[in-house]
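Enquirer: Got a file for you: my_file_17.txt, compact mmCIF, C-alpha atoms.
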# COMPACT_ATOMS: atom_id res chain seq x y z
CA MET I 23 0.52 27.32 37.19
CA PHE I 24 3.61 29.23 38.38
CA GLU I 25 3.61 32.91 39.25
CA ARG I 26 5.32 34.46 36.22
CA ARG I 27 5.01 38.20 36.79
CA PRO I 28 8.62 39.38 37.35
CA PHE I 29 7.67 41.85 40.09
CA PHE I 30 6.19 39.08 42.24
CA VAL I 31 8.76 36.38 41.38
CA ILE I 32 11.69 38.66 42.21
CA GLY I 33 9.85 40.03 45.25
CA ASP I 34 9.18 36.51 46.54
CA LEU I 35 12.82 35.51 46.04
CA VAL I 36 14.24 38.59 47.74
CA CYS I 37 11.81 38.41 50.66
CA ASN I 38 12.40 34.71 51.36
CA ALA I 39 16.17 35.05 51.08
CA LEU I 40 16.08 38.11 53.32
CA ALA I 41 13.79 36.40 55.84
CA GLY I 42 16.11 33.38 55.90
CA ALA I 43 19.17 35.56 56.48
CA VAL I 44 17.57 37.70 59.20
CA VAL I 45 16.11 34.70 61.04
CA ALA I 46 19.41 32.78 60.90
CA MET I 47 21.42 35.74 62.22
CA SER I 48 18.90 36.37 64.99
CA VAL I 49 18.59 32.75 66.10
CA VAL I 50 22.34 32.00 66.24
CA ARG I 51 22.65 34.99 68.55
CA LEU I 52 19.62 34.01 70.60
CA VAL I 53 20.36 30.32 71.19
CA ASP I 54 23.08 29.54 73.66
CA GLY I 55 25.60 26.79 72.84
CA GLY I 56 25.02 25.23 76.24
CA TRP I 57 21.35 24.50 75.55
CA PRO I 58 20.27 20.94 74.67
CA MET I 59 19.88 20.70 70.90
CA PRO I 60 16.12 19.95 70.94
CA VAL I 61 15.49 23.07 73.04
CA GLY I 62 17.58 25.19 70.68
CA MET I 63 15.72 23.80 67.68
CA LEU I 64 12.31 24.42 69.27
CA VAL I 65 13.13 27.95 70.38
CA GLY I 66 14.66 28.69 66.97
CA MET I 67 11.64 27.33 65.15
CA VAL I 68 9.14 29.39 67.15
CA ALA I 69 11.24 32.56 67.14
CA GLY I 70 12.01 32.15 63.43
CA SER I 71 8.34 31.70 62.50
CA LEU I 72 7.27 34.76 64.49
CA LEU I 73 10.07 36.93 63.15
CA ALA I 74 9.30 35.86 59.58
CA LEU I 75 5.61 36.60 60.14
CA LEU I 76 6.45 40.14 61.23
CA LEU I 77 8.66 40.60 58.17
CA ALA I 78 5.92 39.19 55.92
CA MET I 79 3.34 41.58 57.36
CA GLY I 80 5.70 44.42 56.52
CA VAL I 81 5.79 43.55 52.82
CA SER I 82 2.32 42.09 52.33
CA THR I 83 0.68 45.33 51.21
CA VAL I 84 3.15 45.47 48.32
CA LEU I 85 3.62 41.79 47.44
CA GLY I 86 0.41 40.00 48.48
CA ALA I 87 -1.07 38.36 51.52
CA LEU I 88 -0.96 34.58 51.89
CA GLU I 89 1.38 34.17 48.92
CA VAL I 90 3.99 36.04 50.96
CA MET I 91 3.08 35.02 54.48
CA LEU I 92 3.07 31.22 54.11
CA PRO I 93 6.42 30.77 52.32
CA MET I 94 8.14 33.32 54.56
CA MET I 95 6.80 31.69 57.73
CA THR I 96 7.94 28.30 56.45
CA THR I 97 11.36 29.79 55.76
CA GLY I 98 11.40 31.22 59.29
CA MET I 99 10.41 27.87 60.77
CA VAL I 100 12.98 25.80 58.85
CA VAL I 101 15.83 28.29 59.14
CA GLY I 102 15.04 28.89 62.82
CA MET I 103 15.18 25.15 63.48
CA LEU I 104 18.47 24.70 61.63
CA ALA I 105 20.05 27.80 63.15
CA GLY I 106 18.79 26.74 66.59
CA MET I 107 20.72 23.48 66.44
CA SER I 108 23.91 24.96 65.05
CA PRO I 109 25.35 26.34 68.34
CA ALA I 110 25.18 22.83 69.81
CA THR I 111 27.17 21.38 66.90
CA GLY I 112 29.82 24.06 66.71
CA ASN I 113 30.34 27.77 66.22
CA MET I 114 28.94 29.45 63.11
CA THR I 115 29.76 33.02 62.18
CA THR I 116 26.87 35.42 61.69
CA GLY I 117 27.87 35.86 58.04
CA ALA I 118 27.82 32.12 57.39
CA ALA I 119 24.46 31.81 59.15
CA ALA I 120 23.03 34.60 56.99
CA THR I 121 24.27 32.99 53.78
CA ASN I 122 22.91 29.58 54.73
CA GLY I 123 19.61 31.13 55.86
CA ALA I 124 19.22 32.98 52.57
CA LEU I 125 19.89 29.79 50.60
CA VAL I 126 17.35 27.82 52.63
CA GLY I 127 14.85 30.63 52.06
CA VAL I 128 15.25 30.28 48.29
CA VAL I 129 14.91 26.48 48.51
CA VAL I 130 11.71 26.82 50.59
CA LEU I 131 10.27 29.28 48.08
CA VAL I 132 11.01 26.97 45.13
CA GLY I 133 9.41 24.11 47.05
CA THR I 134 6.32 26.20 47.72
CA TYR I 135 6.06 27.18 44.03
CA ILE I 136 6.24 23.50 43.03
CA LEU I 137 3.65 22.48 45.64
CA ASN I 138 1.39 25.33 44.50
CA ALA I 139 1.61 24.16 40.87
CA TYR I 140 0.79 20.60 41.94
CA VAL I 141 -2.19 21.63 44.10
CA ARG I 142 -3.57 23.94 41.44
CA SER I 143 -3.30 21.24 38.79
CA ARG I 144 -5.48 18.98 40.95
CA GLY I 145 -8.25 21.61 41.37
CA ASP I 146 -11.53 21.62 39.48
CA VAL I 147 -12.38 23.82 36.53
CA TRP I 148 -15.79 25.50 36.50
CA THR I 149 -17.72 25.06 33.30
CA PRO I 150 -20.94 27.12 33.33
CA MET H 12 -27.56 43.56 62.90
CA ASP H 13 -24.48 42.22 64.69
CA ALA H 14 -23.12 45.38 66.36
CA LEU H 15 -19.77 43.86 67.35
CA THR H 16 -19.02 42.75 63.81
CA ARG H 17 -20.17 46.09 62.40
CA GLU H 18 -17.86 47.99 64.76
CA LYS H 19 -14.92 45.68 64.00
CA TRP H 20 -15.22 46.35 60.28
CA ASN H 21 -15.95 50.04 60.78
CA ARG H 22 -12.59 50.25 62.58
CA ALA H 23 -10.91 48.21 59.84
CA ALA H 24 -12.37 50.49 57.15
CA ARG H 25 -9.85 53.25 57.96
CA SER H 26 -6.86 51.22 56.80
CA TYR H 27 -8.60 48.62 54.63
CA ASP H 28 -7.55 49.96 51.25
CA LEU H 29 -3.96 50.36 52.42
CA MET H 30 -3.72 46.87 53.94
CA ASN H 31 -5.44 45.17 51.02
CA GLY H 32 -4.04 47.48 48.41
CA TYR H 33 -1.56 46.85 45.64
CA GLY H 34 -0.10 43.48 46.63
CA PRO H 35 -3.13 41.26 47.28
CA GLU H 36 -5.35 42.94 44.69
CA THR H 37 -2.73 42.72 41.93
CA ARG H 38 -1.89 39.10 42.76
CA TRP H 39 -5.55 38.15 42.63
CA GLU H 40 -6.69 40.39 39.78
CA PRO H 41 -6.63 37.75 36.97
CA PHE H 42 -8.64 35.29 39.09
CA LYS H 43 -11.16 37.88 40.26
CA ARG H 44 -11.69 39.20 36.73
CA ARG H 45 -12.35 35.65 35.52
CA LEU H 46 -14.73 34.97 38.43
CA PHE H 47 -16.71 38.17 37.99
CA SER H 48 -16.91 37.65 34.21
CA LEU H 49 -19.49 34.96 35.11
CA MET H 50 -21.98 37.67 36.21
CA TRP H 51 -25.41 37.74 34.59
CA GLY H 52 -28.99 38.47 35.64
CA LYS H 53 -29.73 39.95 39.04
CA VAL H 54 -26.60 39.72 41.15
CA LEU H 55 -26.13 39.96 44.93
CA PHE H 56 -22.58 40.85 46.00
CA VAL H 57 -22.11 40.03 49.69
CA ALA H 58 -19.67 42.18 51.67
CA ILE H 59 -18.61 44.62 49.00
CA GLY H 60 -16.37 46.44 51.50
CA THR H 61 -14.79 49.61 50.16
CA GLY H 62 -15.56 48.47 46.64
CA GLN H 63 -12.04 47.47 45.65
CA ASP H 64 -13.50 44.69 43.48
CA ILE H 65 -15.84 46.97 41.53
CA ARG H 66 -13.14 47.73 38.95
CA PHE H 67 -13.12 44.02 38.08
CA PHE H 68 -16.88 43.86 37.46
CA PRO H 69 -17.93 43.50 33.82
CA PRO H 70 -19.90 46.56 32.67
CA GLY H 71 -23.65 46.61 32.24
CA GLN H 72 -24.59 44.31 35.12
CA ASP H 73 -27.45 44.70 37.64
CA ILE H 74 -25.72 44.32 41.01
CA THR H 75 -26.77 44.86 44.62
CA GLY H 76 -23.77 45.21 46.93
CA ILE H 77 -24.29 44.80 50.68
CA ASP H 78 -21.99 45.26 53.64
CA ILE H 79 -22.36 45.21 57.42
CA SER H 80 -20.07 48.23 57.79
CA ASP H 81 -21.43 51.67 56.97
CA ARG H 82 -17.86 53.05 56.94
CA MET H 83 -16.87 50.50 54.31
CA LEU H 84 -19.87 51.52 52.22
CA GLU H 85 -18.84 55.17 52.45
CA GLY H 86 -15.57 54.14 50.81
CA ALA H 87 -17.40 52.11 48.18
CA ARG H 88 -19.77 54.93 47.17
CA PRO H 89 -17.49 56.77 44.68
CA ARG H 90 -16.48 53.47 43.08
CA ALA H 91 -20.11 52.37 42.78
CA ASP H 92 -21.06 55.74 41.25
CA ALA H 93 -18.33 55.29 38.64
CA TYR H 94 -19.46 51.77 37.67
CA ALA H 95 -20.82 51.47 34.11
CA GLY H 96 -23.97 49.57 35.07
CA THR H 97 -26.50 49.38 37.88
CA LEU H 98 -24.87 49.02 41.29
CA GLU H 99 -27.00 49.61 44.39
CA LEU H 100 -25.28 49.69 47.80
CA ARG H 101 -27.15 48.64 50.93
CA HIS H 102 -26.18 48.53 54.62
CA LEU H 103 -27.18 44.96 55.46
CA ASP H 104 -26.01 41.99 57.51
CA VAL H 105 -25.90 38.78 55.47
CA HIS H 106 -27.66 37.02 58.36
CA ASP H 107 -30.68 39.36 58.04
CA LEU H 108 -31.29 39.77 54.31
CA ASP H 109 -34.67 41.47 53.85
CA TYR H 110 -35.23 40.33 50.26
CA PRO H 111 -38.05 37.93 49.33
CA ASP H 112 -37.15 34.33 48.56
CA GLY H 113 -35.68 33.79 45.10
CA SER H 114 -34.81 37.45 44.43
CA PHE H 115 -31.42 36.90 42.78
CA ASP H 116 -29.99 34.82 39.95
CA GLN H 117 -26.46 34.83 41.35
CA ALA H 118 -24.55 35.70 44.50
CA PHE H 119 -20.84 36.58 44.64
CA THR H 120 -18.50 36.88 47.59
CA SER H 121 -14.90 37.99 47.84
CA CYS H 122 -12.99 37.24 51.05
CA THR H 123 -16.31 37.35 52.89
CA PHE H 124 -16.88 34.05 54.65
CA CYS H 125 -13.61 34.28 56.55
CA SER H 126 -15.36 37.01 58.53
CA VAL H 127 -19.08 36.24 58.74
CA PRO H 128 -19.65 35.24 62.41
CA ASP H 129 -21.96 32.30 61.61
CA PRO H 130 -20.88 31.22 58.13
CA VAL H 131 -23.41 28.41 57.64
CA ALA H 132 -26.31 30.65 58.71
CA GLY H 133 -25.03 33.38 56.38
CA LEU H 134 -24.83 30.94 53.48
CA ILE H 135 -28.33 29.63 54.22
CA SER H 136 -29.53 33.23 54.11
CA ILE H 137 -27.92 33.65 50.67
CA ARG H 138 -29.45 30.40 49.46
CA ARG H 139 -32.89 31.65 50.48
CA VAL H 140 -32.67 34.81 48.36
CA LEU H 141 -31.29 32.92 45.35
CA LYS H 142 -33.68 31.45 42.83
CA PRO H 143 -33.76 27.63 42.79
CA GLY H 144 -30.74 26.66 40.73
CA GLY H 145 -29.20 30.07 41.39
CA GLN H 146 -25.43 30.29 41.34
CA LEU H 147 -23.01 31.09 44.16
CA HIS H 148 -19.49 32.11 43.08
CA MET H 149 -16.93 32.79 45.78
CA PHE H 150 -13.34 34.02 46.03
CA GLU H 151 -12.35 32.88 49.51
CA HIS H 152 -9.30 32.07 51.58
CA THR H 153 -9.63 29.02 53.80
CA GLY H 154 -7.60 26.70 55.99
CA SER H 155 -5.22 24.18 54.45
CA ARG H 156 -4.81 20.43 54.65
CA TYR H 157 -1.07 20.62 53.92
CA PHE H 158 1.61 20.69 56.61
CA PRO H 159 3.04 23.10 57.76
CA PHE H 160 0.49 25.57 56.40
CA ASN H 161 -2.40 23.99 58.35
CA VAL H 162 -0.48 24.31 61.63
CA MET H 163 0.54 27.92 60.89
CA LEU H 164 -2.99 28.99 59.99
CA ASN H 165 -4.45 27.27 63.06
CA LEU H 166 -1.91 28.97 65.33
CA MET H 167 -2.44 32.38 63.71
CA ASN H 168 -6.23 32.20 63.86
CA PRO H 169 -6.86 33.34 67.47
CA VAL H 170 -4.96 36.58 66.79
CA ALA H 171 -6.22 37.05 63.23
CA ARG H 172 -9.89 36.78 64.21
CA ARG H 173 -9.51 39.63 66.72
CA LEU H 174 -8.13 41.96 64.05
CA GLY H 175 -10.28 40.85 61.12
CA PRO H 176 -10.76 37.57 59.29
CA GLU H 177 -10.41 33.98 60.43
CA VAL H 178 -7.71 32.13 58.50
CA ASN H 179 -8.54 28.45 58.98
CA ARG H 180 -12.18 28.02 58.00
CA ASP H 181 -13.44 25.09 55.93
CA THR H 182 -15.61 27.23 53.69
CA VAL H 183 -16.14 24.53 51.05
CA SER H 184 -17.73 22.27 53.68
CA ASN H 185 -19.76 25.20 55.03
CA VAL H 186 -21.18 25.84 51.54
CA ALA H 187 -22.28 22.20 51.29
CA ARG H 188 -23.70 22.26 54.82
CA ALA H 189 -25.80 25.30 53.89
CA GLY H 190 -27.60 23.30 51.22
CA PHE H 191 -25.61 24.17 48.12
CA ASP H 192 -24.38 21.70 45.56
CA VAL H 193 -20.64 22.45 45.30
CA ARG H 194 -19.82 22.06 41.62
CA ALA H 195 -16.17 23.12 41.46
CA VAL H 196 -13.31 24.32 43.65
CA GLU H 197 -10.52 26.02 41.69
CA HIS H 198 -7.28 26.63 43.56
CA VAL H 199 -5.75 30.09 43.24
CA TYR H 200 -2.91 29.65 45.74
CA LEU H 201 -2.20 26.22 47.25
CA ASP H 202 -5.51 25.03 48.73
CA VAL H 203 -5.73 28.24 50.77
CA VAL H 204 -7.12 30.73 48.24
CA ASN H 205 -9.95 29.27 46.18
CA LEU H 206 -12.71 29.95 43.72
CA ILE H 207 -15.79 28.04 44.88
CA HIS H 208 -18.70 27.49 42.52
CA ALA H 209 -22.00 26.14 43.84
CA ILE H 210 -25.66 25.85 42.92
CA ALA H 211 -28.62 26.47 45.25
CA LYS H 212 -30.54 23.21 45.65
Please express the file's structure as structure tokens.
Expert:
Amino acid sequence: MFERRPFFVIGDLVCNALAGAVVAMSVVRLVDGGWPMPVGMLVGMVAGSLLALLLAMGVSTVLGALEVMLPMMTTGMVVGMLAGMSPATGNMTTGAAATNGALVGVVVLVGTYILNAYVRSRGDVWTP
Amino acid sequence: MDALTREKWNRAARSYDLMNGYGPETRWEPFKRRLFSLMWGKVLFVAIGTGQDIRFFPPGQDITGIDISDRMLEGARPRADAYAGTLELRHLDVHDLDYPDGSFDQAFTSCTFCSVPDPVAGLISIRRVLKPGGQLHMFEHTGSRYFPFNVMLNLMNPVARRLGPEVNRDTVSNVARAGFDVRAVEHVYLDVVNLIHAIAK
């Protein structure tokens, strides 16, 4: 039920970690500390999803279409939201944001793999 | 023939193999091979595109491949010529199939009904040319019922449909609405990429 081909597993991991890091670094620079937290979260979420979509489109010809796009966009959304609220709660260095973003990206990917296994296990099997 | 759709896919034909090249095709290869291994009898393949799927066809089959884009079919020609079986290519719109009723034992699609302008009408057209009890086997990407994927696909759809396929269609329901008996839906990736198996009533 899980993707087991090393090329795709490693590719998925690297891409989600990278997307998380890039989105986090971009959003902490974009969102101003003076913004209300909900605004920062919303802007971060939208900007993070769009940025991750662009990154996913860049690697989709090599790594796959929806299998790349959906986890990376989820990573962008979650990391963007978290990074968007961080300026309101205190300063975070770009390096720390990148590390946290990469970790969240890996967690999102693992979650997507588990959900995929669950959904596939509930599908039908065609018997001619 | 729908001229707008034909032109859209003629434009897409230039970069189609590059955009749908190694990544998607390699990810989906095991599922497509298993799906196409079900081929027997007289087979209609709807929207054969540039023929990327031909390498997954089992040898020795009698297949008619149609596509609305003549540019796509130009790309498919060398692959069809190399196929170890009978593979006829025809420039046809699925909405206007000119075959008599009950001409085919099976119909196959591969990422087709994300793009057909009127999917239910297209599926009814396929049902007409299938023999009663004929089989429809599809490899299709659809919308999702899981958050946040459903929201993402819905938001992406207005842009995606301008460039190529729609990304949030409920193809399983469309198959049932077209008068097929949906026998099985196998999930390839989440509930977004699916194998759909149905029988013409």
Enquirer: Taking (20.4, 23.9, 61.3) in the file's coordinates, which residues come within 12 Å, counting only C-alpha atoms, written as number ranges by chain?
Expert: I: 42, 45-47, 49-50, 53, 59-60, 62-64, 66-67, 70, 98-114, 118-120, 122-123, 126
Enquirer: For Leu147 in chain H, work out the shell of residues within 9 Å, counting only C-alpha atoms and skipping chain neighbours fewer than 5 positions away, then give it as an MDAnalysis selection string.
Expert: chainID H and resid 116:120 137:138 141 191 207:211
Enquirer: For the selection just defined, write its residues with C-alpha atoms to a file, as a tab-separated table (two decimals), keeping the file's coordinate frame.
Expert:
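again-v1.tsv, freshly written:
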chain	number	residue	atom	x	y	z
H	116	ASP	CA	-29.99	34.82	39.95
H	117	GLN	CA	-26.46	34.83	41.35
H	118	ALA	CA	-24.55	35.70	44.50
H	119	PHE	CA	-20.84	36.58	44.64
H	120	THR	CA	-18.50	36.88	47.59
H	137	ILE	CA	-27.92	33.65	50.67
H	138	ARG	CA	-29.45	30.40	49.46
H	141	LEU	CA	-31.29	32.92	45.35
H	191	PHE	CA	-25.61	24.17	48.12
H	207	ILE	CA	-15.79	28.04	44.88
H	208	HIS	CA	-18.70	27.49	42.52
H	209	ALA	CA	-22.00	26.14	43.84
H	210	ILE	CA	-25.66	25.85	42.92
H	211	ALA	CA	-28.62	26.47	45.25
Enquirer: List as JSON lines every residue of chain H that is in contact with chain I, defined as an atom at most 7 Å from one of its atoms (using only C-alpha atoms), together with the nearest atom pair and the distance in Å rounded to one decimal, sorted by chain and then rising number.
Expert:
{"residue": "H:Leu29", "atom": "CA", "partner": "I:Thr83", "partner_atom": "CA", "distance": 6.9}
{"residue": "H:Met30", "atom": "CA", "partner": "I:Thr83", "partner_atom": "CA", "distance": 5.4}
{"residue": "H:Asn31", "atom": "CA", "partner": "I:Thr83", "partner_atom": "CA", "distance": 6.1}
{"residue": "H:Gly32", "atom": "CA", "partner": "I:Thr83", "partner_atom": "CA", "distance": 5.9}
{"residue": "H:Tyr33", "atom": "CA", "partner": "I:Val84", "partner_atom": "CA", "distance": 5.6}
{"residue": "H:Gly34", "atom": "CA", "partner": "I:Gly86", "partner_atom": "CA", "distance": 4.0}
{"residue": "H:Pro35", "atom": "CA", "partner": "I:Gly86", "partner_atom": "CA", "distance": 3.9}
{"residue": "H:Arg38", "atom": "CA", "partner": "I:Gly86", "partner_atom": "CA", "distance": 6.2}
{"residue": "H:Phe160", "atom": "CA", "partner": "I:Leu92", "partner_atom": "CA", "distance": 6.6}
{"residue": "H:Ala195", "atom": "CA", "partner": "I:Asp146", "partner_atom": "CA", "distance": 5.3}
{"residue": "H:Val196", "atom": "CA", "partner": "I:Asp146", "partner_atom": "CA", "distance": 5.3}
{"residue": "H:Glu197", "atom": "CA", "partner": "I:Gly145", "partner_atom": "CA", "distance": 5.0}
{"residue": "H:His198", "atom": "CA", "partner": "I:Arg142", "partner_atom": "CA", "distance": 5.0}
{"residue": "H:Val199", "atom": "CA", "partner": "I:Arg142", "partner_atom": "CA", "distance": 6.8}
{"residue": "H:Tyr200", "atom": "CA", "partner": "I:Asn138", "partner_atom": "CA", "distance": 6.2}
{"residue": "H:Leu201", "atom": "CA", "partner": "I:Asn138", "partner_atom": "CA", "distance": 4.6}
{"residue": "H:Asp202", "atom": "CA", "partner": "I:Val141", "partner_atom": "CA", "distance": 6.6}
{"residue": "H:His208", "atom": "CA", "partner": "I:Trp148", "partner_atom": "CA", "distance": 7.0}
Enquirer: Could you list, as a VMD selection string, every residue within 8 Å of Met50 in chain H, counting only C-alpha atoms and ignoring same-chain residues fewer than 3 positions away?
Expert: chain H and resid 47 54 69 72 117
Enquirer: Interatomic distance between CA of Glu85 in chain H and CA of Arg101 in chain H?
Expert: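 CA of Arg101 in chain H lies 10.7 Å from CA of Glu85 in chain H.
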Enquirer: Go ahead and compute the interatomic distance for CA of Asp28 in chain H and CA of Ala74 in chain I, in Å to one decimal.
Expert: 23.5 Å
Enquirer: Suppose you want the space between CA of Gln63 in chain H and CA of Tyr27 in chain H; what is it in Å?
Expert: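 It comes out at 9.7 Å.
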Enquirer: Which is closer to Ser80 in chain H than all the others in H:Pro111, H:Gly60, H:Gly52, H:Gly96, using all atoms listed in the file?
Expert: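 Once distances to Ser80 in chain H are computed over all atoms listed in the file, the minimum belongs to H:Gly60.
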Enquirer: Nearest residue to Asn185 in chain H out of H:Phe124, H:Trp51, H:Phe150, H:Phe158, using only C-alpha atoms?
Expert: H:Phe124
Enquirer: List as an MDAnalysis selection string: which residues have an atom within 7 Å of (-21.0, 40.3, 58.9), counting only C-alpha atoms?
Expert: chainID H and resid 16:17 79 104:105 126:128
Enquirer: Write a file of the just-selected residues containing C-alpha atoms, as a JSON list (two decimals), in the frame of the given file.
Expert:
[["chain", "number", "residue", "atom", "x", "y", "z"],
["H", 16, "THR", "CA", -19.02, 42.75, 63.81],
["H", 17, "ARG", "CA", -20.17, 46.09, 62.40],
["H", 79, "ILE", "CA", -22.36, 45.21, 57.42],
["H", 104, "ASP", "CA", -26.01, 41.99, 57.51],
["H", 105, "VAL", "CA", -25.90, 38.78, 55.47],
["H", 126, "SER", "CA", -15.36, 37.01, 58.53],
["H", 127, "VAL", "CA", -19.08, 36.24, 58.74],
["H", 128, "PRO", "CA", -19.65, 35.24, 62.41]]
Enquirer: Between H:Arg180, H:Arg25, H:Arg45, H:Lys53, which one has atoms that come closest to Glu151 in chain H, using all atoms listed in the file?
Expert: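 Checking each of H:Arg180, H:Arg25, H:Arg45, H:Lys53 against Glu151 in chain H, counting all atoms listed in the file, the winner is H:Arg180.
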Enquirer: Which one of I:Leu72, I:Gly80, I:Ala124, I:Gly117 sits closest to Met167 in chain H if you count all atoms listed in the file?
Expert: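 Of I:Leu72, I:Gly80, I:Ala124, I:Gly117, the one nearest Met167 in chain H is I:Leu72, counting all atoms listed in the file.
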Enquirer: Asp112 in chain H: which residues within 8 Å, counting only C-alpha atoms, same-chain residues fewer than 5 positions away excluded, as a ChimeraX atom specification?
Expert: /H:139-142
Enquirer: So, with only C-alpha atoms as the atoms that count, which of H:Val131, H:Lys212, H:Val178, H:Met12 lies closest to Val193 in chain H?
Expert: H:Lys212
Enquirer: Need the shell around Leu84 in chain H: protein/DNA/RNA residues with any atom at most 9 Å away, counting all atoms listed in the file. Skip same-chain ones fewer than 2 positions apart. Format as a PyMOL selection string?
Expert: chain H and resi 59-62+77-82+86-88+100-102
